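What follows is data29.tsv (TSV, C-alpha atoms).
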chain	number	residue	atom	x	y	z
A	86	MET	CA	154.35	121.17	10.73
A	87	PRO	CA	157.48	121.02	12.91
A	88	GLY	CA	158.06	117.74	14.69
A	89	GLY	CA	157.24	115.88	11.52
A	90	TYR	CA	153.55	115.28	12.13
A	91	HIS	CA	151.96	115.14	8.67
A	92	VAL	CA	148.61	113.67	7.70
A	93	ALA	CA	148.27	114.82	4.10
A	94	PRO	CA	144.48	114.55	3.55
A	95	LEU	CA	143.80	116.33	6.84
A	96	GLU	CA	146.21	119.14	6.06
A	97	ALA	CA	144.76	119.50	2.56
A	98	LEU	CA	141.28	119.87	4.06
A	99	ILE	CA	142.42	122.39	6.67
A	100	ASP	CA	144.22	124.45	4.00
A	101	LYS	CA	141.15	124.38	1.79
A	102	LEU	CA	138.81	125.48	4.58
A	103	GLU	CA	141.24	128.19	5.62
A	104	SER	CA	141.07	129.65	2.12
A	105	LEU	CA	137.36	130.43	2.63
A	106	PRO	CA	136.49	133.97	3.75
A	107	SER	CA	136.38	134.71	7.50
A	108	ILE	CA	137.79	131.29	8.41
A	109	GLY	CA	141.16	131.36	10.16
A	110	HIS	CA	143.52	128.50	10.92
A	111	LYS	CA	141.93	127.57	14.25
A	112	SER	CA	138.41	127.55	12.80
A	113	ALA	CA	139.58	125.55	9.81
A	114	GLN	CA	141.11	122.99	12.17
A	115	ARG	CA	137.93	122.77	14.21
A	116	LEU	CA	135.77	122.41	11.10
A	117	ALA	CA	138.09	119.74	9.70
A	118	TYR	CA	137.85	117.66	12.89
A	119	TYR	CA	134.10	118.11	12.85
A	120	ILE	CA	133.95	116.89	9.26
A	121	LEU	CA	136.10	113.88	10.14
A	122	ASN	CA	133.64	112.96	12.87
A	123	MET	CA	130.65	113.12	10.50
A	124	SER	CA	129.05	109.93	9.27
A	125	PRO	CA	130.11	108.99	5.73
A	126	GLN	CA	126.59	109.91	4.51
A	127	GLU	CA	126.84	113.40	6.02
A	128	ALA	CA	130.27	114.04	4.52
A	129	GLN	CA	129.03	112.86	1.13
A	130	SER	CA	126.00	115.09	1.40
A	131	LEU	CA	128.13	118.13	2.29
A	132	ALA	CA	130.33	117.50	-0.74
A	133	ASP	CA	127.25	116.95	-2.93
A	134	CYS	CA	125.66	120.21	-1.77
A	135	ILE	CA	128.78	122.12	-2.77
A	136	LEU	CA	128.95	120.56	-6.23
A	137	ASN	CA	125.20	120.71	-6.74
A	138	ALA	CA	124.95	124.38	-5.90
A	139	HIS	CA	127.95	125.06	-8.08
A	140	ASN	CA	126.73	123.07	-11.07
A	141	LYS	CA	123.06	123.98	-11.02
A	142	ILE	CA	123.06	127.64	-10.08
A	143	HIS	CA	123.67	130.30	-12.69
A	144	TYR	CA	122.46	133.81	-13.49
A	145	CYS	CA	118.82	134.43	-14.40
A	146	SER	CA	118.79	135.30	-18.11
A	147	GLN	CA	116.67	138.37	-17.36
A	148	CYS	CA	117.68	139.94	-14.03
A	149	CYS	CA	121.09	138.23	-13.46
A	150	ASN	CA	120.04	137.01	-10.01
A	151	LEU	CA	121.03	133.48	-8.97
A	152	THR	CA	118.66	130.71	-10.00
A	153	ASP	CA	118.62	127.03	-10.89
A	154	GLY	CA	116.06	127.51	-13.68
A	155	GLU	CA	116.12	129.55	-16.88
A	156	LEU	CA	114.44	132.45	-15.04
A	157	CYS	CA	114.60	133.26	-11.34
A	158	PRO	CA	111.45	132.93	-9.19
A	159	VAL	CA	110.80	136.69	-9.33
A	160	CYS	CA	111.13	136.92	-13.12
A	161	ARG	CA	108.93	133.79	-13.49
A	162	ASP	CA	106.24	135.39	-11.29
A	163	GLU	CA	103.67	136.92	-13.65
A	164	GLY	CA	102.08	138.88	-10.81
A	165	ARG	CA	105.11	141.16	-10.54
A	166	ASP	CA	105.03	144.69	-11.90
A	167	SER	CA	107.40	144.79	-14.89
A	168	GLY	CA	107.22	148.58	-14.91
A	169	LEU	CA	109.21	148.87	-11.67
A	170	LEU	CA	112.84	147.74	-11.51
A	171	CYS	CA	114.94	147.66	-8.36
A	172	VAL	CA	118.70	147.64	-9.04
A	173	VAL	CA	120.89	145.99	-6.38
A	174	GLU	CA	124.56	145.12	-6.09
A	175	GLU	CA	124.40	141.48	-4.97
A	176	PRO	CA	121.98	138.52	-4.95
A	177	LYS	CA	121.89	138.70	-1.14
A	178	ASP	CA	120.35	142.18	-1.44
A	179	VAL	CA	117.42	140.63	-3.32
A	180	PHE	CA	117.00	138.13	-0.47
A	181	ALA	CA	117.02	141.01	2.03
A	182	LEU	CA	114.42	143.01	0.09
A	183	GLU	CA	112.23	139.95	-0.50
A	184	ARG	CA	112.30	139.26	3.25
A	185	GLY	CA	110.20	142.40	3.65
A	186	GLY	CA	107.90	140.87	1.08
A	187	ASP	CA	106.04	143.96	-0.11
A	188	PHE	CA	108.07	145.08	-3.10
A	189	PRO	CA	105.77	144.58	-6.11
A	190	GLY	CA	108.31	145.04	-8.92
A	191	ARG	CA	111.24	143.14	-10.38
A	192	TYR	CA	114.98	143.25	-9.69
A	193	HIS	CA	118.24	143.66	-11.52
A	194	VAL	CA	121.47	142.39	-9.96
A	195	LEU	CA	124.67	144.22	-10.95
A	196	HIS	CA	127.07	141.76	-9.25
A	197	GLY	CA	129.20	144.47	-7.72
A	198	ALA	CA	129.65	148.20	-7.64
A	199	ILE	CA	131.97	150.52	-9.52
A	200	SER	CA	135.20	150.66	-7.55
A	201	PRO	CA	138.29	151.99	-9.34
A	202	LEU	CA	140.45	151.06	-6.31
A	203	SER	CA	139.53	147.38	-6.67
A	204	GLY	CA	139.72	147.59	-10.45
A	205	VAL	CA	135.98	147.17	-10.97
A	206	GLY	CA	134.70	149.33	-13.81
A	207	PRO	CA	131.20	149.60	-15.34
A	208	ASP	CA	132.08	146.88	-17.88
A	209	GLN	CA	132.44	144.23	-15.17
A	210	LEU	CA	128.91	144.91	-13.92
A	211	LYS	CA	125.62	143.80	-15.48
A	212	ILE	CA	124.85	147.32	-16.74
A	213	LYS	CA	124.49	146.41	-20.42
A	214	GLU	CA	121.92	143.82	-19.37
A	215	LEU	CA	120.06	146.49	-17.38
A	216	LEU	CA	119.96	148.90	-20.33
A	217	ALA	CA	118.59	146.12	-22.54
A	218	ARG	CA	115.66	145.77	-20.13
A	219	ILE	CA	114.60	149.44	-20.35
A	220	THR	CA	111.56	149.16	-22.60
A	221	PRO	CA	108.76	151.76	-22.79
A	222	GLU	CA	106.91	149.57	-20.28
A	223	VAL	CA	109.43	150.48	-17.53
A	224	GLN	CA	108.14	153.44	-15.50
A	225	GLU	CA	110.69	153.67	-12.71
A	226	VAL	CA	114.11	152.31	-11.77
A	227	ILE	CA	114.93	152.32	-8.04
A	228	MET	CA	118.66	152.40	-7.33
A	229	ALA	CA	119.10	150.22	-4.23
A	230	THR	CA	122.89	149.98	-4.28
A	231	ASN	CA	124.63	150.18	-0.91
A	232	PRO	CA	124.87	153.57	0.88
A	233	THR	CA	128.66	153.54	0.42
A	234	VAL	CA	130.97	155.58	-1.79
A	235	GLU	CA	131.02	152.77	-4.37
A	236	GLY	CA	127.27	152.17	-4.24
A	237	GLU	CA	126.63	155.90	-4.55
A	238	ALA	CA	128.95	156.25	-7.53
A	239	THR	CA	127.32	153.28	-9.23
A	240	ALA	CA	123.84	154.73	-8.67
A	241	MET	CA	124.92	158.10	-10.12
A	242	TYR	CA	126.61	156.45	-13.11
A	243	ILE	CA	123.57	154.34	-13.98
A	244	ALA	CA	121.17	157.23	-13.39
A	245	ARG	CA	123.09	159.28	-15.97
A	246	LEU	CA	122.72	156.45	-18.49
A	247	LEU	CA	119.00	155.98	-17.82
A	248	LYS	CA	117.78	159.58	-17.67
A	249	PRO	CA	118.16	160.17	-21.47
A	250	LEU	CA	115.94	157.10	-22.02
A	251	GLY	CA	113.11	159.01	-20.35
A	252	VAL	CA	112.75	156.67	-17.36
A	253	ARG	CA	112.27	157.91	-13.81
A	254	VAL	CA	115.27	157.00	-11.61
A	255	THR	CA	114.95	157.07	-7.81
A	256	ARG	CA	117.21	156.24	-4.89
A	257	LEU	CA	116.43	154.51	-1.58
A	258	ALA	CA	115.75	157.01	1.23
A	259	TYR	CA	118.53	157.82	3.69
A	260	GLY	CA	117.72	158.34	7.35
A	261	VAL	CA	117.97	156.95	10.85
A	262	PRO	CA	117.37	153.18	10.91
A	263	VAL	CA	114.09	152.09	12.50
A	264	GLY	CA	114.69	150.89	16.05
A	265	GLY	CA	118.02	152.70	16.09
A	266	ASP	CA	119.13	155.34	18.55
A	267	ILE	CA	119.54	158.95	17.39
A	268	GLU	CA	122.29	159.38	19.98
A	269	TYR	CA	124.41	156.81	18.17
A	270	ALA	CA	123.59	157.79	14.57
A	271	ASP	CA	126.59	159.20	12.71
A	272	ASN	CA	126.63	162.82	11.57
A	273	VAL	CA	126.17	162.17	7.87
A	274	THR	CA	123.15	159.95	8.50
A	275	LEU	CA	121.62	162.59	10.79
A	276	GLN	CA	122.19	165.33	8.20
A	277	ARG	CA	120.55	163.16	5.53
A	278	ALA	CA	117.66	162.33	7.87
A	279	LEU	CA	117.09	166.03	8.55
A	280	ALA	CA	117.34	166.96	4.86
A	281	GLY	CA	114.86	164.21	3.97
A	282	ARG	CA	112.36	165.08	6.72
A	283	GLN	CA	108.72	164.54	5.86
A	284	GLU	CA	105.38	166.05	6.85
A	285	LEU	CA	103.60	164.20	9.68
B	152	MET	CA	111.71	132.34	2.64
B	153	PRO	CA	108.83	134.82	2.59
B	154	GLY	CA	108.16	136.48	-0.75
B	155	GLY	CA	108.57	133.15	-2.51
B	156	TYR	CA	112.24	133.42	-3.40
B	157	HIS	CA	113.51	129.83	-3.45
B	158	VAL	CA	116.63	128.48	-5.11
B	159	ALA	CA	116.77	124.94	-3.80
B	160	PRO	CA	120.45	124.04	-4.34
B	161	LEU	CA	121.55	127.34	-2.80
B	162	GLU	CA	119.34	126.89	0.25
B	163	ALA	CA	120.52	123.30	0.67
B	164	LEU	CA	124.14	124.50	0.66
B	165	ILE	CA	123.43	127.33	3.14
B	166	ASP	CA	121.61	124.91	5.48
B	167	LYS	CA	124.46	122.44	5.28
B	168	LEU	CA	127.11	125.08	6.02
B	169	GLU	CA	125.02	126.46	8.87
B	170	SER	CA	125.03	123.02	10.49
B	171	LEU	CA	128.82	123.24	10.92
B	172	PRO	CA	130.09	124.42	14.32
B	173	SER	CA	130.58	128.17	14.87
B	174	ILE	CA	128.94	129.06	11.53
B	175	GLY	CA	125.74	131.09	11.79
B	176	HIS	CA	123.22	131.94	9.09
B	177	LYS	CA	125.02	135.07	7.86
B	178	SER	CA	128.38	133.32	7.63
B	179	ALA	CA	126.78	130.35	5.89
B	180	GLN	CA	125.25	132.71	3.33
B	181	ARG	CA	128.56	134.47	2.76
B	182	LEU	CA	130.41	131.16	2.39
B	183	ALA	CA	127.76	129.85	-0.02
B	184	TYR	CA	128.09	132.91	-2.27
B	185	TYR	CA	131.86	132.56	-2.12
B	186	ILE	CA	131.59	128.91	-3.15
B	187	LEU	CA	129.27	129.84	-6.02
B	188	ASN	CA	131.86	132.30	-7.27
B	189	MET	CA	134.64	129.70	-7.23
B	190	SER	CA	135.87	128.20	-10.46
B	191	PRO	CA	134.44	124.70	-11.15
B	192	GLN	CA	137.90	123.25	-10.44
B	193	GLU	CA	138.09	124.93	-7.04
B	194	ALA	CA	134.62	123.74	-6.05
B	195	GLN	CA	135.46	120.22	-7.15
B	196	SER	CA	138.70	120.32	-5.18
B	197	LEU	CA	136.90	121.54	-2.03
B	198	ALA	CA	134.41	118.67	-2.32
B	199	ASP	CA	137.25	116.21	-3.00
B	200	CYS	CA	139.21	117.39	0.04
B	201	ILE	CA	136.19	116.75	2.25
B	202	LEU	CA	135.60	113.24	0.89
B	203	ASN	CA	139.30	112.42	0.76
B	204	ALA	CA	139.93	113.38	4.35
B	205	HIS	CA	136.82	111.51	5.37
B	206	ASN	CA	137.64	108.34	3.46
B	207	LYS	CA	141.37	108.13	4.04
B	208	ILE	CA	141.77	109.22	7.64
B	209	HIS	CA	141.21	106.78	10.49
B	210	TYR	CA	142.65	106.08	13.91
B	211	CYS	CA	146.25	104.89	14.27
B	212	SER	CA	146.05	101.24	15.33
B	213	GLN	CA	148.49	101.96	18.16
B	214	CYS	CA	147.88	105.43	19.64
B	215	CYS	CA	144.40	106.21	18.21
B	216	ASN	CA	145.61	109.50	16.70
B	217	LEU	CA	144.39	110.44	13.22
B	218	THR	CA	146.41	109.09	10.32
B	219	ASP	CA	146.06	108.03	6.71
B	220	GLY	CA	148.44	105.07	7.10
B	221	GLU	CA	148.31	101.99	9.31
B	222	LEU	CA	150.38	103.81	11.98
B	223	CYS	CA	150.56	107.55	12.59
B	224	PRO	CA	153.84	109.40	11.88
B	225	VAL	CA	154.82	109.39	15.57
B	226	CYS	CA	154.20	105.66	16.02
B	227	ARG	CA	156.08	104.97	12.76
B	228	ASP	CA	159.07	106.98	14.00
B	229	GLU	CA	161.59	104.49	15.42
B	230	GLY	CA	163.56	107.26	17.10
B	231	ARG	CA	160.77	107.91	19.60
B	232	ASP	CA	161.06	106.68	23.19
B	233	SER	CA	158.46	103.93	23.64
B	234	GLY	CA	158.97	104.06	27.40
B	235	LEU	CA	157.28	107.46	27.68
B	236	LEU	CA	153.59	107.89	26.85
B	237	CYS	CA	151.74	111.20	26.79
B	238	VAL	CA	147.96	110.84	27.12
B	239	VAL	CA	145.85	113.61	25.53
B	240	GLU	CA	142.14	114.17	24.93
B	241	GLU	CA	142.08	115.08	21.24
B	242	PRO	CA	144.23	114.78	18.09
B	243	LYS	CA	144.65	118.56	18.07
B	244	ASP	CA	146.46	118.28	21.42
B	245	VAL	CA	149.07	116.09	19.74
B	246	PHE	CA	149.50	118.77	17.06
B	247	ALA	CA	149.94	121.40	19.80
B	248	LEU	CA	152.54	119.33	21.68
B	249	GLU	CA	154.39	118.42	18.48
B	250	ARG	CA	154.56	122.12	17.60
B	251	GLY	CA	156.97	122.49	20.54
B	252	GLY	CA	158.92	119.66	18.96
B	253	ASP	CA	160.92	118.49	21.95
B	254	PHE	CA	158.77	115.72	23.37
B	255	PRO	CA	160.77	112.52	22.83
B	256	GLY	CA	158.05	109.96	23.65
B	257	ARG	CA	154.86	108.68	22.08
B	258	TYR	CA	151.22	109.68	22.47
B	259	HIS	CA	147.86	108.15	23.25
B	260	VAL	CA	144.66	109.92	22.18
B	261	LEU	CA	141.56	109.29	24.32
B	262	HIS	CA	139.11	111.07	21.96
B	263	GLY	CA	137.35	112.91	24.74
B	264	ALA	CA	137.23	113.19	28.51
B	265	ILE	CA	134.96	111.64	31.09
B	266	SER	CA	131.93	113.89	31.38
B	267	PRO	CA	128.83	112.44	33.07
B	268	LEU	CA	126.86	115.58	32.15
B	269	SER	CA	127.42	114.97	28.42
B	270	GLY	CA	126.94	111.23	28.85
B	271	VAL	CA	130.59	110.38	28.16
B	272	GLY	CA	131.81	107.54	30.36
B	273	PRO	CA	135.18	105.73	30.43
B	274	ASP	CA	133.88	103.16	27.94
B	275	GLN	CA	133.51	105.75	25.19
B	276	LEU	CA	137.18	106.72	25.50
B	277	LYS	CA	140.22	104.84	24.21
B	278	ILE	CA	141.19	103.70	27.72
B	279	LYS	CA	141.20	99.95	27.00
B	280	GLU	CA	143.59	100.66	24.13
B	281	LEU	CA	145.83	102.60	26.51
B	282	LEU	CA	145.90	99.78	29.07
B	283	ALA	CA	146.84	97.33	26.31
B	284	ARG	CA	149.91	99.45	25.58
B	285	ILE	CA	151.27	99.32	29.15
B	286	THR	CA	154.09	96.81	28.74
B	287	PRO	CA	157.08	96.50	31.09
B	288	GLU	CA	158.93	98.73	28.63
B	289	VAL	CA	156.75	101.72	29.60
B	290	GLN	CA	158.44	103.79	32.34
B	291	GLU	CA	156.13	106.78	32.62
B	292	VAL	CA	152.70	107.95	31.50
B	293	ILE	CA	152.19	111.73	31.40
B	294	MET	CA	148.54	112.76	31.75
B	295	ALA	CA	148.17	115.77	29.45
B	296	THR	CA	144.38	116.03	29.52
B	297	ASN	CA	142.95	119.56	29.70
B	298	PRO	CA	143.14	121.50	32.99
B	299	THR	CA	139.33	121.39	33.29
B	300	VAL	CA	137.04	119.48	35.64
B	301	GLU	CA	136.53	116.79	32.98
B	302	GLY	CA	140.21	116.55	32.06
B	303	GLU	CA	141.15	116.38	35.72
B	304	ALA	CA	138.62	113.62	36.46
B	305	THR	CA	139.84	111.67	33.44
B	306	ALA	CA	143.47	111.98	34.57
B	307	MET	CA	142.59	110.80	38.08
B	308	TYR	CA	140.53	107.89	36.76
B	309	ILE	CA	143.28	106.67	34.44
B	310	ALA	CA	145.97	107.18	37.09
B	311	ARG	CA	144.04	104.87	39.42
B	312	LEU	CA	143.95	102.19	36.71
B	313	LEU	CA	147.65	102.52	35.88
B	314	LYS	CA	149.22	102.73	39.37
B	315	PRO	CA	148.57	99.02	40.17
B	316	LEU	CA	150.47	98.11	36.97
B	317	GLY	CA	153.57	99.61	38.54
B	318	VAL	CA	153.98	102.46	36.03
B	319	ARG	CA	154.83	106.01	37.03
B	320	VAL	CA	151.98	108.42	36.27
B	321	THR	CA	152.61	112.17	36.12
B	322	ARG	CA	150.52	115.25	35.31
B	323	LEU	CA	151.42	118.40	33.35
B	324	ALA	CA	152.55	121.23	35.66
B	325	TYR	CA	150.08	123.97	36.59
B	326	GLY	CA	151.22	127.55	36.84
B	327	VAL	CA	151.15	130.99	35.30
B	328	PRO	CA	151.45	130.85	31.50
B	329	VAL	CA	154.73	132.09	30.06
B	330	GLY	CA	154.31	135.63	28.75
B	331	GLY	CA	151.17	136.06	30.82
B	332	ASP	CA	150.50	138.70	33.43
B	333	ILE	CA	150.30	137.75	37.11
B	334	GLU	CA	147.82	140.56	37.63
B	335	TYR	CA	145.36	138.84	35.32
B	336	ALA	CA	145.93	135.23	36.39
B	337	ASP	CA	142.93	133.68	38.13
B	338	ASN	CA	143.11	132.72	41.82
B	339	VAL	CA	143.21	128.97	41.32
B	340	THR	CA	146.05	129.24	38.82
B	341	LEU	CA	147.99	131.50	41.21
B	342	GLN	CA	147.46	129.10	44.11
B	343	ARG	CA	148.69	126.21	41.96
B	344	ALA	CA	151.67	128.24	40.76
B	345	LEU	CA	152.60	129.02	44.39
B	346	ALA	CA	152.15	125.44	45.50
B	347	GLY	CA	154.30	124.19	42.61
B	348	ARG	CA	157.11	126.76	43.13
B	349	GLN	CA	160.60	125.58	42.32
B	350	GLU	CA	164.13	126.36	43.55
B	351	LEU	CA	165.95	128.94	41.43
Write-out of the structure in structure tokens:
Amino acid sequence: MPGGYHVAPLEALIDKLESLPSIGHKSAQRLAYYILNMSPQEAQSLADCILNAHNKIHYCSQCCNLTDGELCPVCRDEGRDSGLLCVVEEPKDVFALERGGDFPGRYHVLHGAISPLSGVGPDQLKIKELLARITPEVQEVIMATNPTVEGEATAMYIARLLKPLGVRVTRLAYGVPVGGDIEYADNVTLQRALAGRQEL
Amino acid sequence: MPGGYHVAPLEALIDKLESLPSIGHKSAQRLAYYILNMSPQEAQSLADCILNAHNKIHYCSQCCNLTDGELCPVCRDEGRDSGLLCVVEEPKDVFALERGGDFPGRYHVLHGAISPLSGVGPDQLKIKELLARITPEVQEVIMATNPTVEGEATAMYIARLLKPLGVRVTRLAYGVPVGGDIEYADNVTLQRALAGRQEL
């Protein structure tokens, strides 16, 4: 800082916070001052939460979702239909789908999507782990990757691997979002919504 | 979370991040996933930075700015003019003024402004500490509190306390910001800029 004003631990904290996604220098500064004004207990508990989450959370040995146990809550749940797998890109997609609360099957988390531009190939994703789960019990695999170029490519790639195993592979429906406005829907979405129209 | 998906350490971290200012639930989630994907060393270093800053930083015994030593870098600097004090609301104001780099005097940080609506009275601010610094050596005190109702009230209040001690009290100039556009300046600022016009 020009003018010679240096407080090393404060600057280290600001730098560290600034390295987090979507936090700029001003926000990092504001957060750092907020943290300095916390009680010692609160600061300790923030630090503990970070280390705790980091140390205790790992991938579920079955579906690769995040969990602090051997299996994640969905894989532990014996009431779930093991014949129906829903494949998603990220753990947060599982949270989003579980929010709805009426999906009866199990999940598989790929931890990304195929993206040659970012150097992510099939080997970096949890595809081997998915193939290992395709037993005769599995009736259907729903590809719920994002409706983006990468998500689409990933869904196609995995579908090609699964089809020869004799399992039914489906894709989430495209269409206008519920509560949305047709006027503001983009052309591709409208085309897909028309193509996917259903009997009333 | 509905659907029974609970990963306690992850939820604890998201809750904790969400309690920080200007971080909503979505951002907290994104930050938490980012932290989970850090290397163990990086997570440890983030936690350490938080605790370090919290444990090592305190108020400068002279100007009440943040520092990790007994005195802050400005108060330690013997080249500074002790006859000129600049009073600001927050430590970040000192950083802003030091960025310019041509203020030759010293600072005093109030840690807030008088704000009856938020329950902040003069006693919660470092005003006693300021009065204790007014020795015969001090020629001028510049009130650099924010140009807001609270900052203004604080400046007036402190000016009334200092005048009887025979010290000159000044206020930052009001006017149109450099690089700004007169068209977009608000009325009060324009009035103040007119009233404070200077000979060319």
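Taking CA of Leu116 (chain A) as the reference point, CA of Ile99 (chain A) is found at 8.0 Å.
Atom to atom, CA of Pro262 (chain A) and CA of Pro232 (chain A) stand 12.5 Å apart.
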Exercise for review: Within 12 Å of region 232-238 of chain B, counting only C-alpha atoms, which residues show up once you throw out same-chain ones fewer than 4 positions away? Write them as a ChimeraX atom specification, please.
Suggested key: /B:213-216,225-228,242,244-245,248-249,253-264,276-278,280-282,284-297,302,305-306,309-310,318-323
Check your understanding: Could you state the separation of CA of Lys167 (chain B) and CA of Gly186 (chain A) in Å, given to one decimal place?
Key ->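 Atom-to-atom, CA of Lys167 (chain B) to CA of Gly186 (chain A), that is 25.1 Å.
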Using all atoms listed in the file, find each residue in chain B having at least one atom no more than 6 Å away from chain A; report its shortest atom-to-atom pair and that distance in Å (one decimal), rows by chain then rising number, as JSON lines.
{"residue": "B:Pro153", "atom": "CA", "partner": "A:Arg184", "partner_atom": "CA", "distance": 5.7}
{"residue": "B:Gly154", "atom": "CA", "partner": "A:Gly186", "partner_atom": "CA", "distance": 4.8}
{"residue": "B:Tyr156", "atom": "CA", "partner": "A:Pro158", "partner_atom": "CA", "distance": 5.9}
{"residue": "B:Val158", "atom": "CA", "partner": "A:Thr152", "partner_atom": "CA", "distance": 5.7}
{"residue": "B:Pro160", "atom": "CA", "partner": "A:Ala138", "partner_atom": "CA", "distance": 4.8}
{"residue": "B:Leu161", "atom": "CA", "partner": "A:Ala138", "partner_atom": "CA", "distance": 5.5}
{"residue": "B:Leu164", "atom": "CA", "partner": "A:Cys134", "partner_atom": "CA", "distance": 5.2}
{"residue": "B:Leu187", "atom": "CA", "partner": "A:His139", "partner_atom": "CA", "distance": 5.4}
{"residue": "B:Ala198", "atom": "CA", "partner": "A:Ala132", "partner_atom": "CA", "distance": 4.5}
{"residue": "B:Cys200", "atom": "CA", "partner": "A:Leu98", "partner_atom": "CA", "distance": 5.2}
{"residue": "B:Ala204", "atom": "CA", "partner": "A:Pro94", "partner_atom": "CA", "distance": 4.8}
{"residue": "B:His205", "atom": "CA", "partner": "A:Leu121", "partner_atom": "CA", "distance": 5.4}
{"residue": "B:Thr218", "atom": "CA", "partner": "A:Val92", "partner_atom": "CA", "distance": 5.7}
{"residue": "B:Pro224", "atom": "CA", "partner": "A:Tyr90", "partner_atom": "CA", "distance": 5.9}
{"residue": "B:Glu249", "atom": "CA", "partner": "A:Gly88", "partner_atom": "CA", "distance": 5.3}
{"residue": "B:Arg250", "atom": "CA", "partner": "A:Pro87", "partner_atom": "CA", "distance": 5.6}
{"residue": "B:Gly252", "atom": "CA", "partner": "A:Gly88", "partner_atom": "CA", "distance": 4.8}
Each side padded by 3 Å, which centre and which edge lengths in Å (one decimal) define the axis-aligned box around the listed atoms of region 180-184 of chain B? Give them as JSON.
{"center_x": 127.8, "center_y": 132.2, "center_z": 0.5, "size_x": 11.2, "size_y": 10.6, "size_z": 11.6}
